[in-house]
Amino acid sequence: MNTEEKLEILGTAAKYDICASSTMPKPRPGKDRGYIGSNAPGGICHSYTPDGRCVSLFKVLMTNACKNNCEYCINRASHDFKRAGFSPEELAHLFIELYRRNYVEGLFLSSAVRKNAAHTTEQMLKTLQILRFKYHYRGYIHLKALPHTPPHMIELGAELADRMSVNLESPTPDRLKKIAKEKDFMLDLIEPITTIQKQVEKGNLQAGQTTQFVVGAAGETDAELLRTTNWLYQKKSLKRVYFSAFVPLDSPTRSGQAPIPLLREHRLYQADWLMRFYEFKVDELVLQNDQNLRLDVDPKMSFALKNREVFPVEINTASFNTLLKIPGLGPLSARRIWRARKEHRFTSLNELKNIGVAVKRAKPFILINGKKQGHITEIITAKQLELFEEQTSQLAYMQAPRLLM
Amino acid sequence: MNQQELFKLPEPEIKLSEIEGFKDSYGRQIFERRVMMALLHKNRDRFKIIDAAIDQAKAKGLSYVLCKVSPEAKKFLDYARQVSFEYNKAISFIRLKPVDQHQVLMGEFEVKHQTAELIMQHFLRRFPTYVIMLIFGEDVYIGKTGDDSNRRLYGQYEIYKRKINRRQLTPPTVVDEYEKYWLAFYKTQFIPERKNLRYLKQMIPKKYWHWVTELGEFGLS
């Protein structure tokens, strides 16, 4: 099999793995001047696919030959399709040549589990060693840790890579059992996450640790996903949690399971951002009675509609935290208002518009110098509001599913 | 140096840190960075805009300008943003062609603002053992990283500029096999269920499509 064919197979197999573009605050240390590569701040996209997603990293699998039979996964053992694999030298050389041409910003290396996790991880680590020591590559590498990877291999990986991740796929052990019978939630997934966390605390892995959930594959609710996500941020110091809406692949094994709407994935990301950047607590998020986020109203607007007694707030005096709760205001515009207020008093909606506030959304929820700027009926009718009240409740606070405690 | 011309970033005439009232060091750093970026804008009125922003910062405070409260501040920050945007797109979309016998990496792009030197710096930092050669319209920039004893030029980089006659350039005859591999990889990354051309157009303005040749694989170039 030639390189092009391997790329087609192993690139396709990796496309459902989600990773952000490289994010690296500090350059990797190194005394030699003969190095190649550097880390740039996040946000460099070398291309885009027709779905608008950024192509930043060279995202491939070491091999797609897998001993596991996870129901959601395109590479599962029972799936009848072509298998391929790179040798460490072949993959390292291919990557460095693409990097030299400025096609990619870094490497994202994952794999199916060929014989066992240790054997496959050894191949992946060899690739990284060739890149770091033979080619003197100092750019970004994201290494995926496979379920049940031995701790000493994770430690070595943490020295070679900038970011590591373990895919949790499901938010609870019960849900995971439904789609991946071979995997043990605590032993195979949470333990590697804990080992990686220790490496991050030691100062390795400058870009931290991430994970990914397949949304809807095991019938889990948004409440479960958000509670586990919150637990991972709080207790395991994860940098990011990614959500990937389940897409039944060419031969779906779960009969009759429809694809999950992409809007659900979007709403989960919005809720995730509220927790990470808007100082929302998990129990402030508003859910429908079926324990999922509403698809027709975004989570921040849901919060504002559910907590109408908090609004409207005076833009010239509200605390930073309160500013963050106003629909139409992001952390950037809230910070701008908060800073500008030290030397200036806001008098008009136009000033807020200049700052970057989405005034149409924000109007009903703010006062400027004590003056109301709009009414809630500009956003939602009284009847819709009544229905909204009936169908929603706030997420009851639980630190994590009981088994994770 | 004959046709060669040595390049330096313009020295600011005033040090913002010396202006009274610029006590907020975090804000001052951001403000200085924005001024440097706005200085590279193509429009001639950039100096007027920057002056107005500095005057407002002195009168009403740095935050007033950095938070874009006034229309002048907004225009000043828009200029800085447009320059940053162009720089970001250039370092993303320039494809380099290695000429291994000379340790040279060559590339081409089109810039409207004066961002060529910044772009050169990015690639020199990334590939310190290579000579970087970038063509911007009729100007060619050639740069290399100086060794420790030769740091007198432009920080630690030497960057030269000269005019070229584009008709004298011979297009490469050898097909680069890695271009083929890149296209093969790029095609694998698309998830048809997520097709969203509106989002794509939002992420990458049409004026850059010409440089992102792989978009042609989906009939988008």
# chains A, B, ... in the order shown; residues from 1 in each chain; ligands from 1
$ residues_around --residues "B:Asn88" --least-positions-apart "5" --cutoff "12 Å" --atoms "only C-alpha atoms" --output "VMD selection string"
(chain A and resid 40 to 46) or (chain B and resid 81 to 83 93 to 94 111 115 to 116 118 to 119 122 204 208)
$ closest_atom_pairs --of "chain A" --to "chain B" --cutoff "7 Å" --atoms "only C-alpha atoms" --output "CSV"
residue,atom,partner,partner_atom,distance
A:Glu4,CA,B:Tyr181,CA,5.8
A:Leu7,CA,B:Phe185,CA,5.9
A:Glu8,CA,B:Thr188,CA,6.0
A:Gly11,CA,B:Thr188,CA,5.5
A:Thr12,CA,B:Thr188,CA,4.7
A:Lys15,CA,B:Gln189,CA,5.3
A:Gly34,CA,B:Thr129,CA,5.9
A:Ile36,CA,B:Phe127,CA,5.3
A:Gly37,CA,B:Arg126,CA,4.6
A:Ser38,CA,B:Arg126,CA,5.0
A:Ile44,CA,B:Ser92,CA,5.9
A:Cys45,CA,B:Ser92,CA,5.9
A:His46,CA,B:Ser92,CA,4.6
A:Ser47,CA,B:Val212,CA,6.8
A:Tyr48,CA,B:Leu200,CA,6.8
A:Thr49,CA,B:Phe190,CA,5.5
A:Pro50,CA,B:Leu197,CA,5.6
A:Asp51,CA,B:Lys195,CA,4.0
A:Gly52,CA,B:Leu200,CA,3.9
A:Leu98,CA,B:Tyr178,CA,6.6
A:Arg101,CA,B:Leu96,CA,4.4
A:Asn102,CA,B:Arg95,CA,5.4
A:Tyr103,CA,B:Arg95,CA,6.5
A:Arg336,CA,B:Cys67,CA,4.9
A:Arg339,CA,B:Ser63,CA,5.9
A:Ala340,CA,B:Ser63,CA,5.1
A:Glu343,CA,B:Gly61,CA,6.6
A:Glu351,CA,B:Val69,CA,5.6
A:Asn354,CA,B:Val69,CA,5.9
A:Ile355,CA,B:Lys68,CA,5.3
$ select_by_dssp --residues "stretch 5-201 of chain A" --states "helix (DSSP H, G or I)" --output "VMD selection string"
chain A and resid 5 to 14 88 to 100 117 to 134 151 to 160 173 to 179 185 to 201
$ residues_around --residues "A:Ile179" --least-positions-apart "5" --cutoff "8 Å" --atoms "only C-alpha atoms" --output "mmCIF file with N, CA, C and O atoms, in the first residue's frame"
data_model
loop_
_atom_site.group_PDB
_atom_site.id
_atom_site.type_symbol
_atom_site.label_atom_id
_atom_site.label_comp_id
_atom_site.auth_asym_id
_atom_site.auth_seq_id
_atom_site.Cartn_x
_atom_site.Cartn_y
_atom_site.Cartn_z
ATOM 1 N N CYS A 70 -16.042 -1.101 19.780
ATOM 2 C CA CYS A 70 -16.919 -0.037 20.283
ATOM 3 C C CYS A 70 -17.966 0.302 19.221
ATOM 4 O O CYS A 70 -17.615 0.549 18.064
ATOM 5 N N GLU A 71 -19.218 0.354 19.636
ATOM 6 C CA GLU A 71 -20.311 0.434 18.663
ATOM 7 C C GLU A 71 -20.343 1.734 17.866
ATOM 8 O O GLU A 71 -20.811 1.766 16.749
ATOM 9 N N TYR A 72 -19.872 2.830 18.476
ATOM 10 C CA TYR A 72 -19.956 4.133 17.824
ATOM 11 C C TYR A 72 -18.810 4.350 16.834
ATOM 12 O O TYR A 72 -18.798 5.303 16.077
ATOM 13 N N ALA A 217 -24.544 8.802 21.624
ATOM 14 C CA ALA A 217 -24.297 7.415 21.213
ATOM 15 C C ALA A 217 -24.869 6.430 22.223
ATOM 16 O O ALA A 217 -25.332 5.348 21.864
ATOM 17 N N ALA A 218 -24.851 6.784 23.500
ATOM 18 C CA ALA A 218 -25.319 5.855 24.539
ATOM 19 C C ALA A 218 -26.626 6.322 25.159
ATOM 20 O O ALA A 218 -27.016 5.851 26.225
#
$ residues_around --residues "A:Met275" --least-positions-apart "3" --cutoff "10 Å" --atoms "only C-alpha atoms" --output "list in words"
Leu226, Thr229, Asn230, Tyr233, Tyr269, Gln270, Ala271, Asp272, Tyr278, Glu279, Phe280, Lys281, Val282, Glu284 and Leu285 of chain A
$ atom_distance --atom1 "atom CA of A:Leu61" --atom2 "atom CA of A:Asp162"
17.6 Å
